[in-house]
Structure formats: structure tokens, C-alpha cells
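Participant: Before I ask anything, here is the structure I am working with.
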Amino acid sequence: MNRSIVAIVRYEKPFISVRKAVELSSGLDRLPSKAKVFIKPNIVFWTKEAPFPKWGVITTSRVVEDMVVLLKERGIDDITIGEGTVLRHPKDRETSEHAFEILGYGVLKKRYGVRCISVHERPFEKVDLGQGVALDFNTDMLRSDFLVDIPVLKTHVQTVVSLGIKNLKGVLNIRSRQKCHSAHPEMDLNYMVARLPNVLPPCFVILDGIYTNELGPGFDGNIRRSNILVASSDILSADMVGARLLGYKSSEVPHLAHVARDCERPTDLSDVEVVGEKIETMESFHEYSFPYTEDESLPVFMERKGIQGLSYRKYDLTICTYCSSLTRVILMGIAKAWNGAPWDDVEVLTGKVMQATPGKKKTILIGKCICRANKNNPDIREAVPVKGCPPSMRQVVEAFHRSGIPVDPSIFENKDRTAGLYIKKYEGKPEFDESFFRII
Ligand code: SF4
């Protein structure tokens, strides 16, 4: 049997550790000379408003620079770093530029001639991925000769893990990303994500686990300093090993199970050769699912606060990034608004398919999709729709006020600034080192 090689390396030193991961995995052996290389880091979120915790959320600039140097050593001159950070306003150019600058990519440009692009400003091309799926991919990635995929080693509340395959969603245009969160019972998010590797040029994946993220993918997860690098020229093998290191068998990660089935590969790593460190000595369980009550009607932390008269149903796979990024702020707003007096039997629905529970007095519908899914629903006594895509903060606040829940508008107006509050958690912990996100 032809076994794919996956290297697990303990991160110890700048450059030396990444070089070791590349060499042990033979990951750049298929790199054509004079190749046009596309590097895809993970910059899932960014804000100019306040410094926020990047550990376990964003690919470290340390690993990105080390990879650029290794490519340059192999005579590669045409290197593009491309990312499609989630932006609230599609025409916002400044946030991505700010991210690239703060992360030190400007230095990479000057020192090594690297080009940095926000995929939102570049052309897309529709690609038929088979089995009824066509999505719009960034053309720079499609036209490259070689892809270097550098996600963070993290969990994801919807897809269990977010590694090399899931990281590719960031080169799709917004419409296609929304399409991935389909309401189709079989062609769901996991099915769609599993199709993404079908168009890749030859690639090398390095999972950046210097910091790992439990309850990821965002900065509100539990971040750990884990010092792990995982490298392979086979994206599925890298992800299957990455999942194991986070505590999940590939059969427990639906999109990995889909890809394995499509490639007729086993999910038990029997066709993978792990070199370097052993999985058993490096693995540590990372919870992926935000804890909810048994009936999934309220996050556990709200139940513990004693909140009554509100049902905030657990997110499903159909809610896309733009609506789900609102959830954290809404939950924060609700928790702060609680003063001990039960609210008036209010239910909140999100995503594309949830149906109202009969008997509730008010139903807040967040986003145009869920408004549509519950149009004329006879079980709704009073609908409080928030119709936009993504819904506006002002309308969300008005909907809660109308339903008797006095959320503080300033939390919503300063949504990005609240991200900065999370940084306090890491004060006085030297292992959370901001210099991993600088290039000097
Ligand atoms: S309304 Fe929300 S769930 Fe629907 S497409 Fe827009 S962002 Fe996605």
C-alpha cells in the first residue's frame, strides 16, 4: 500500500522547527522549479478597532515567514499570500490591508517580493466540483502551480475541526461561502466543504499548532500553547492526523469522512505513515461544541445565570459566518440585560431551517433566511423579524427591545471593540507571545 507521510514536529525554534517539518514530510519535493506559489494562511477575523487575541485564531506570522524563506531557498520568486477575511462590508479594503500590515506581511513584500491579496478584490471563477456542486474560487489560487496551505490547528463549532480542507473556504467568494451552509438535508456544510480539495494544484499543508483552539474557531475559544506542527503533501492525511491530535477520529469529523469515502481511503490512518513525534504523546482533547442545555434551548452559561422566559436555540450547520458572528455579541448582550425577572416567553431562531416552537409568545427571527423559512408559520404568535443579510445591528437591538429584552446598544455598536476585552484573559501569561504575529 502507498502510504502518505505526515510529520508531527514539536515547535521549538523559529525556522528550524518549520524546516524540520518540511524535510521530515518531504512536503516540498513535488514543488516545480519556478512555480507560481499561493500561500493560504488563516486570518478568519480581523478588526482595526482594538488589539484582540490572535493565538489559536490566526496563523502565526512566524510559520508564514519560515515557509516563505524555505520557498525562496528553493528558487521560488513568484509567491502570493491570499486570504478572504470575513468582512462585514464587502467593499471594505482597509481591514485586510491593516491585517497584512500588522501581521508583518509588508516586510515579506519588501524583503522577499511576496504579493499579498485580499481575495475579495480579485476575480473568481466558477468551478464544477462534481456531485452537483459548483462554487466560485479565487483565480490566483486556481492558476497557481503549487499551494501552501497554513491553517491553525483548531476546532470548529460546526465542522468539528477547521484544518487544511476547511481553510480553503476562505478563497471562495461570499455567495459561495453562503451556499456552503446549504439547507439541503444531504448536501450540507460538511458535504460542501468535502468538495473543496477537488480543484487544488499540488499542495503542501502545514498545520500551525503553536497555539490550538478549543471551542474554536474564534478568539472566544479556550486557547492553549501546544507547540505542534503537522506537515504533509497530502491534505486529507494532514487533516486526519490534525483531528486525532485534537482528540477526534476522522470518522467523527463528517467532512473528513466524506473526503475519505470519495477517495476510497480508510479513516483509521492505516494508510498514513506518521513520522517525527507520535500522535499519542502529542494529542490532547479539545472540545468543539459550545455547551447547551439537554433540550438545546439555551447555552449552559445562560441557564446557570438563571435566565428564564427565553429560548435561544442551538446554532445548526445552515447559519453562515456573517450571522454566526453576531451570535457571540447577542449572547453577551442578553447575559448583561438579565436582571432576574423572567422574560415573556421569547424564542430566537437563526440559520435557514429552524421552525418556531408552538406556544411561544414572541419569535425573533435573525436574518433573511430564517424569516423566509418561517413566513406564514401558524405556530408563531408574534414574529419579530430582522430581515437583512447580514442583519443590521440596529435592527437586532430593536428586535430584542420590542420583545422586552433590554440589550445595551453600545455592546452592538462597539462590536469589534468588545473583541479587545478578551485579551485581558492572557495578561501575565508569557506563553501567549504577541511576537509570533510580527515580522521584524
Ligand atoms: S441571512 Fe444569515 S444565514 Fe442567511 S445567507 Fe445571510 S448571513 Fe447566511
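Order determines the names: the first chain of the C-alpha cells is A, the second B, and so forth; residues in each chain are numbered 1 upward, and ligands are numbered 1 upward as they are shown.
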If we count only C-alpha atoms and set the cut-off at 7 Å, which residues sit around range 371-378 of chain A, ignoring sequence neighbours fewer than 3 positions away in its own chain? Please answer as an MDAnalysis selection string.
Facilitator: chainID A and resid 352:353 355 365 367:368 385 387
Participant: Just N, CA and C atoms for this one: save the residues we selected as a tab-separated table (two decimals), in the first residue's frame.
Facilitator:
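Okay, this is what ended up in selection_26.tsv:
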```
chain	number	residue	atom	x	y	z
A	352	LYS	N	-31.17	28.73	8.56
A	352	LYS	CA	-32.05	28.67	7.39
A	352	LYS	C	-33.23	27.71	7.53
A	353	VAL	N	-33.21	26.87	8.58
A	353	VAL	CA	-34.26	25.83	8.62
A	353	VAL	C	-35.07	25.72	9.91
A	355	GLN	N	-37.65	25.87	12.83
A	355	GLN	CA	-39.08	26.20	12.83
A	355	GLN	C	-39.50	26.58	14.25
A	365	LEU	N	-36.64	36.42	14.66
A	365	LEU	CA	-36.07	35.70	13.50
A	365	LEU	C	-34.87	36.50	13.01
A	367	GLY	N	-32.08	37.27	10.51
A	367	GLY	CA	-31.56	37.08	9.15
A	367	GLY	C	-32.68	36.74	8.17
A	368	LYS	N	-32.42	37.15	6.93
A	368	LYS	CA	-33.46	36.99	5.90
A	368	LYS	C	-33.82	35.51	5.67
A	385	PRO	N	-39.24	39.99	13.07
A	385	PRO	CA	-38.22	39.67	12.05
A	385	PRO	C	-37.08	40.69	11.97
A	387	LYS	N	-34.63	41.31	9.01
A	387	LYS	CA	-34.59	40.70	7.68
A	387	LYS	C	-33.27	40.69	6.91
```
Participant: Which range 70-162 of chain A residues have any atom within 12 Å of an atom of range 277-287 of chain A, and for each, what is the nearest pair of atoms with distance in Å to one decimal, counting only C-alpha atoms, rows sorted by chain and number, as a Markdown table?
Facilitator:
```
| residue | atom | partner | partner_atom | distance |
| --- | --- | --- | --- | --- |
| A:Leu153 | CA | A:His286 | CA | 10.5 |
| A:Lys154 | CA | A:His286 | CA | 8.3 |
| A:Thr155 | CA | A:His286 | CA | 7.0 |
| A:His156 | CA | A:Glu287 | CA | 9.1 |
| A:Val157 | CA | A:Glu287 | CA | 9.0 |
| A:Gln158 | CA | A:Glu287 | CA | 11.9 |
| A:Val160 | CA | A:Glu287 | CA | 8.6 |
| A:Val161 | CA | A:His286 | CA | 9.6 |
```
Participant: Just to confirm, what's the straight-line distance from CA of Gly164 in chain A to CA of Gly104 in chain A in Å (one decimal)?
Facilitator: 22.4 Å
Participant: Find the residue from A:Ala231, A:Pro197, A:Arg313, A:Val274 that sits nearest to Asp262 in chain A; use only C-alpha atoms when measuring.
Facilitator: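 Result for the nearest residue to Asp262 in chain A: A:Pro197.
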Participant: Please give the complete set of residues from range 193-313 of chain A that DSSP, run on the backbone, assigns to alpha helix (DSSP H), formatted as a PDB file with N, CA and C atoms, in the first residue's frame.
Facilitator:
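Contents of the output file out_33.pdb:
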```pdb
ATOM      1  N   VAL A 193     -17.935  21.335   2.098  1.00  0.00           N
ATOM      2  CA  VAL A 193     -16.524  21.524   2.455  1.00  0.00           C
ATOM      3  C   VAL A 193     -15.690  20.357   1.920  1.00  0.00           C
ATOM      4  N   ALA A 194     -16.278  19.179   1.940  1.00  0.00           N
ATOM      5  CA  ALA A 194     -15.559  17.986   1.461  1.00  0.00           C
ATOM      6  C   ALA A 194     -15.239  18.055  -0.026  1.00  0.00           C
ATOM      7  N   ARG A 195     -15.952  18.904  -0.778  1.00  0.00           N
ATOM      8  CA  ARG A 195     -15.685  19.022  -2.223  1.00  0.00           C
ATOM      9  C   ARG A 195     -14.518  19.979  -2.504  1.00  0.00           C
ATOM     10  N   ILE A 235      -3.364  16.515   1.756  1.00  0.00           N
ATOM     11  CA  ILE A 235      -4.220  17.353   2.600  1.00  0.00           C
ATOM     12  C   ILE A 235      -5.126  16.519   3.524  1.00  0.00           C
ATOM     13  N   LEU A 236      -5.676  15.436   2.999  1.00  0.00           N
ATOM     14  CA  LEU A 236      -6.566  14.622   3.840  1.00  0.00           C
ATOM     15  C   LEU A 236      -5.775  13.969   4.978  1.00  0.00           C
ATOM     16  N   SER A 237      -4.584  13.459   4.659  1.00  0.00           N
ATOM     17  CA  SER A 237      -3.787  12.809   5.704  1.00  0.00           C
ATOM     18  C   SER A 237      -3.396  13.814   6.784  1.00  0.00           C
ATOM     19  N   ALA A 238      -2.986  15.019   6.369  1.00  0.00           N
ATOM     20  CA  ALA A 238      -2.627  16.049   7.357  1.00  0.00           C
ATOM     21  C   ALA A 238      -3.817  16.330   8.265  1.00  0.00           C
ATOM     22  N   ASP A 239      -5.010  16.468   7.655  1.00  0.00           N
ATOM     23  CA  ASP A 239      -6.198  16.796   8.448  1.00  0.00           C
ATOM     24  C   ASP A 239      -6.609  15.643   9.360  1.00  0.00           C
ATOM     25  N   MET A 240      -6.458  14.408   8.871  1.00  0.00           N
ATOM     26  CA  MET A 240      -6.851  13.273   9.713  1.00  0.00           C
ATOM     27  C   MET A 240      -5.942  13.191  10.942  1.00  0.00           C
ATOM     28  N   VAL A 241      -4.658  13.458  10.731  1.00  0.00           N
ATOM     29  CA  VAL A 241      -3.730  13.441  11.877  1.00  0.00           C
ATOM     30  C   VAL A 241      -4.024  14.648  12.789  1.00  0.00           C
ATOM     31  N   GLY A 242      -4.260  15.813  12.178  1.00  0.00           N
ATOM     32  CA  GLY A 242      -4.602  17.005  12.967  1.00  0.00           C
ATOM     33  C   GLY A 242      -5.822  16.759  13.839  1.00  0.00           C
ATOM     34  N   ALA A 243      -6.850  16.128  13.250  1.00  0.00           N
ATOM     35  CA  ALA A 243      -8.076  15.838  14.011  1.00  0.00           C
ATOM     36  C   ALA A 243      -7.759  14.927  15.204  1.00  0.00           C
ATOM     37  N   ARG A 244      -6.924  13.917  14.960  1.00  0.00           N
ATOM     38  CA  ARG A 244      -6.548  12.999  16.051  1.00  0.00           C
ATOM     39  C   ARG A 244      -5.835  13.745  17.177  1.00  0.00           C
ATOM     40  N   LEU A 245      -4.984  14.689  16.794  1.00  0.00           N
ATOM     41  CA  LEU A 245      -4.252  15.442  17.823  1.00  0.00           C
ATOM     42  C   LEU A 245      -5.204  16.287  18.676  1.00  0.00           C
ATOM     43  N   PRO A 254     -17.387  14.795  10.090  1.00  0.00           N
ATOM     44  CA  PRO A 254     -18.120  14.437   8.874  1.00  0.00           C
ATOM     45  C   PRO A 254     -17.451  14.845   7.567  1.00  0.00           C
ATOM     46  N   HIS A 255     -16.832  16.031   7.494  1.00  0.00           N
ATOM     47  CA  HIS A 255     -16.275  16.398   6.169  1.00  0.00           C
ATOM     48  C   HIS A 255     -15.052  15.543   5.840  1.00  0.00           C
ATOM     49  N   LEU A 256     -14.287  15.135   6.850  1.00  0.00           N
ATOM     50  CA  LEU A 256     -13.142  14.252   6.576  1.00  0.00           C
ATOM     51  C   LEU A 256     -13.637  12.864   6.156  1.00  0.00           C
ATOM     52  N   ALA A 257     -14.684  12.408   6.809  1.00  0.00           N
ATOM     53  CA  ALA A 257     -15.251  11.097   6.448  1.00  0.00           C
ATOM     54  C   ALA A 257     -15.760  11.117   5.005  1.00  0.00           C
ATOM     55  N   HIS A 258     -16.374  12.251   4.601  1.00  0.00           N
ATOM     56  CA  HIS A 258     -16.845  12.387   3.207  1.00  0.00           C
ATOM     57  C   HIS A 258     -15.677  12.294   2.229  1.00  0.00           C
ATOM     58  N   VAL A 259     -14.596  13.065   2.509  1.00  0.00           N
ATOM     59  CA  VAL A 259     -13.454  13.088   1.582  1.00  0.00           C
ATOM     60  C   VAL A 259     -12.846  11.689   1.491  1.00  0.00           C
ATOM     61  N   ALA A 260     -12.678  11.043   2.648  1.00  0.00           N
ATOM     62  CA  ALA A 260     -12.078   9.700   2.664  1.00  0.00           C
ATOM     63  C   ALA A 260     -12.928   8.744   1.819  1.00  0.00           C
ATOM     64  N   ARG A 261     -14.246   8.833   1.972  1.00  0.00           N
ATOM     65  CA  ARG A 261     -15.144   7.960   1.201  1.00  0.00           C
ATOM     66  C   ARG A 261     -14.979   8.231  -0.300  1.00  0.00           C
ATOM     67  N   ASP A 262     -14.935   9.524  -0.665  1.00  0.00           N
ATOM     68  CA  ASP A 262     -14.790   9.873  -2.083  1.00  0.00           C
ATOM     69  C   ASP A 262     -13.474   9.352  -2.662  1.00  0.00           C
ATOM     70  N   ILE A 279       1.591  10.454  17.683  1.00  0.00           N
ATOM     71  CA  ILE A 279       0.287  11.072  17.972  1.00  0.00           C
ATOM     72  C   ILE A 279       0.006  10.970  19.468  1.00  0.00           C
ATOM     73  N   GLU A 280       0.242   9.794  20.038  1.00  0.00           N
ATOM     74  CA  GLU A 280      -0.128   9.524  21.433  1.00  0.00           C
ATOM     75  C   GLU A 280       0.552  10.490  22.412  1.00  0.00           C
ATOM     76  N   THR A 281       1.753  10.931  22.078  1.00  0.00           N
ATOM     77  CA  THR A 281       2.430  11.814  23.040  1.00  0.00           C
ATOM     78  C   THR A 281       2.043  13.279  22.843  1.00  0.00           C
ATOM     79  N   MET A 282       1.412  13.596  21.719  1.00  0.00           N
ATOM     80  CA  MET A 282       1.102  15.000  21.434  1.00  0.00           C
ATOM     81  C   MET A 282      -0.402  15.300  21.504  1.00  0.00           C
ATOM     82  N   VAL A 300     -25.550  26.732  28.122  1.00  0.00           N
ATOM     83  CA  VAL A 300     -25.482  26.349  29.535  1.00  0.00           C
ATOM     84  C   VAL A 300     -25.153  27.544  30.436  1.00  0.00           C
ATOM     85  N   PHE A 301     -24.276  28.454  29.953  1.00  0.00           N
ATOM     86  CA  PHE A 301     -23.898  29.572  30.834  1.00  0.00           C
ATOM     87  C   PHE A 301     -25.113  30.464  31.133  1.00  0.00           C
ATOM     88  N   MET A 302     -26.099  30.479  30.214  1.00  0.00           N
ATOM     89  CA  MET A 302     -27.301  31.284  30.447  1.00  0.00           C
ATOM     90  C   MET A 302     -28.225  30.586  31.442  1.00  0.00           C
ATOM     91  N   GLU A 303     -28.285  29.266  31.310  1.00  0.00           N
ATOM     92  CA  GLU A 303     -29.097  28.510  32.265  1.00  0.00           C
ATOM     93  C   GLU A 303     -28.537  28.705  33.673  1.00  0.00           C
ATOM     94  N   ARG A 304     -27.192  28.662  33.758  1.00  0.00           N
ATOM     95  CA  ARG A 304     -26.539  28.826  35.074  1.00  0.00           C
ATOM     96  C   ARG A 304     -26.792  30.210  35.654  1.00  0.00           C
ATOM     97  N   LYS A 305     -26.939  31.184  34.792  1.00  0.00           N
ATOM     98  CA  LYS A 305     -27.239  32.546  35.270  1.00  0.00           C
ATOM     99  C   LYS A 305     -28.672  32.653  35.781  1.00  0.00           C
TER     100      LYS A 305
END
```
Participant: Would you mind listing what lies within 9 Å of Val275 in chain A as a PyMOL selection string, with only C-alpha atoms counted and same-chain residues fewer than 4 positions away left out?
Facilitator: chain A and resi 5-9+24-25
Participant: Please produce an output containing N, CA and C atoms for each residue in the selection, written as a PDB file, in the first residue's frame.
Facilitator:
```pdb
ATOM      1  N   ILE A   5       2.860  10.324   3.886  1.00  0.00           N
ATOM      2  CA  ILE A   5       3.679  10.672   5.058  1.00  0.00           C
ATOM      3  C   ILE A   5       3.126  11.937   5.711  1.00  0.00           C
ATOM      4  N   VAL A   6       3.001  11.889   7.035  1.00  0.00           N
ATOM      5  CA  VAL A   6       2.630  13.082   7.803  1.00  0.00           C
ATOM      6  C   VAL A   6       3.675  13.253   8.901  1.00  0.00           C
ATOM      7  N   ALA A   7       4.264  14.450   8.954  1.00  0.00           N
ATOM      8  CA  ALA A   7       5.257  14.715  10.008  1.00  0.00           C
ATOM      9  C   ALA A   7       4.600  15.458  11.153  1.00  0.00           C
ATOM     10  N   ILE A   8       4.902  15.008  12.365  1.00  0.00           N
ATOM     11  CA  ILE A   8       4.495  15.772  13.557  1.00  0.00           C
ATOM     12  C   ILE A   8       5.784  16.252  14.217  1.00  0.00           C
ATOM     13  N   VAL A   9       5.869  17.569  14.385  1.00  0.00           N
ATOM     14  CA  VAL A   9       7.096  18.153  14.938  1.00  0.00           C
ATOM     15  C   VAL A   9       6.715  19.021  16.132  1.00  0.00           C
ATOM     16  N   LEU A  24      11.023  16.382   7.089  1.00  0.00           N
ATOM     17  CA  LEU A  24      10.526  15.059   7.507  1.00  0.00           C
ATOM     18  C   LEU A  24       9.362  14.577   6.645  1.00  0.00           C
ATOM     19  N   SER A  25       8.536  15.531   6.222  1.00  0.00           N
ATOM     20  CA  SER A  25       7.348  15.143   5.436  1.00  0.00           C
ATOM     21  C   SER A  25       7.656  15.060   3.941  1.00  0.00           C
TER      22      SER A  25
END
```
Participant: Which residue, A:Thr139, A:Ser182, A:Asn222, A:Thr212, has the smallest gap to ligand 1 when you use only C-alpha atoms and all ligand atoms?
Facilitator: A:Ser182
Participant: Mind running chain A against ligand 1 at 6 Å and telling me each contacting residue's nearest atom pair with the distance in Å (one decimal), counting only C-alpha atoms and all ligand atoms, chain and number ascending, as a Markdown table?
Facilitator:
```
| residue | atom | partner | partner_atom_place_in_ligand_line | distance |
| --- | --- | --- | --- | --- |
| A:Gln178 | CA | ligand 1 | 5 (S) | 5.4 |
| A:Ile319 | CA | ligand 1 | 3 (S) | 4.4 |
| A:Cys320 | CA | ligand 1 | 8 (Fe) | 4.3 |
| A:Tyr322 | CA | ligand 1 | 7 (S) | 4.4 |
| A:Cys323 | CA | ligand 1 | 2 (Fe) | 4.3 |
| A:Gly351 | CA | ligand 1 | 3 (S) | 4.6 |
| A:Lys352 | CA | ligand 1 | 3 (S) | 5.9 |
| A:Gly367 | CA | ligand 1 | 1 (S) | 3.9 |
| A:Lys368 | CA | ligand 1 | 1 (S) | 4.5 |
| A:Cys369 | CA | ligand 1 | 4 (Fe) | 4.3 |
| A:Cys389 | CA | ligand 1 | 6 (Fe) | 3.9 |
| A:Pro390 | CA | ligand 1 | 7 (S) | 4.6 |
```
Participant: DSSP on the backbone: which residues in range 38-69 of chain A end up as strand (DSSP E)? Give the answer as a list in words.
Facilitator: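 The residues of range 38-69 of chain A classed as strand (DSSP E) are Phe38, Ile39, Lys40 and Pro41 of chain A.
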Participant: Can you spit out the residues from that selection as a JSON list (two decimals), in the first residue's frame, using N, CA and C atoms?
Facilitator:
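File written: again-v5.json
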```json
[["chain", "number", "residue", "atom", "x", "y", "z"],
["A", 38, "PHE", "N", 0.98, 29.86, -4.21],
["A", 38, "PHE", "CA", -0.07, 30.59, -3.48],
["A", 38, "PHE", "C", -0.05, 30.10, -2.04],
["A", 39, "ILE", "N", 0.12, 31.04, -1.10],
["A", 39, "ILE", "CA", 0.09, 30.67, 0.33],
["A", 39, "ILE", "C", -1.25, 31.09, 0.90],
["A", 40, "LYS", "N", -1.92, 30.15, 1.55],
["A", 40, "LYS", "CA", -3.22, 30.46, 2.17],
["A", 40, "LYS", "C", -3.08, 30.33, 3.69],
["A", 41, "PRO", "N", -2.89, 31.46, 4.38],
["A", 41, "PRO", "CA", -2.91, 31.39, 5.85],
["A", 41, "PRO", "C", -4.36, 31.41, 6.32]]
```
Participant: Of the candidates A:Tyr312, A:Trp46, A:Tyr211, A:Phe432, which one gets nearest to Tyr11 in chain A if we count only C-alpha atoms?
Facilitator: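 Comparing A:Tyr312, A:Trp46, A:Tyr211, A:Phe432 against Tyr11 in chain A, the winner is A:Tyr211.
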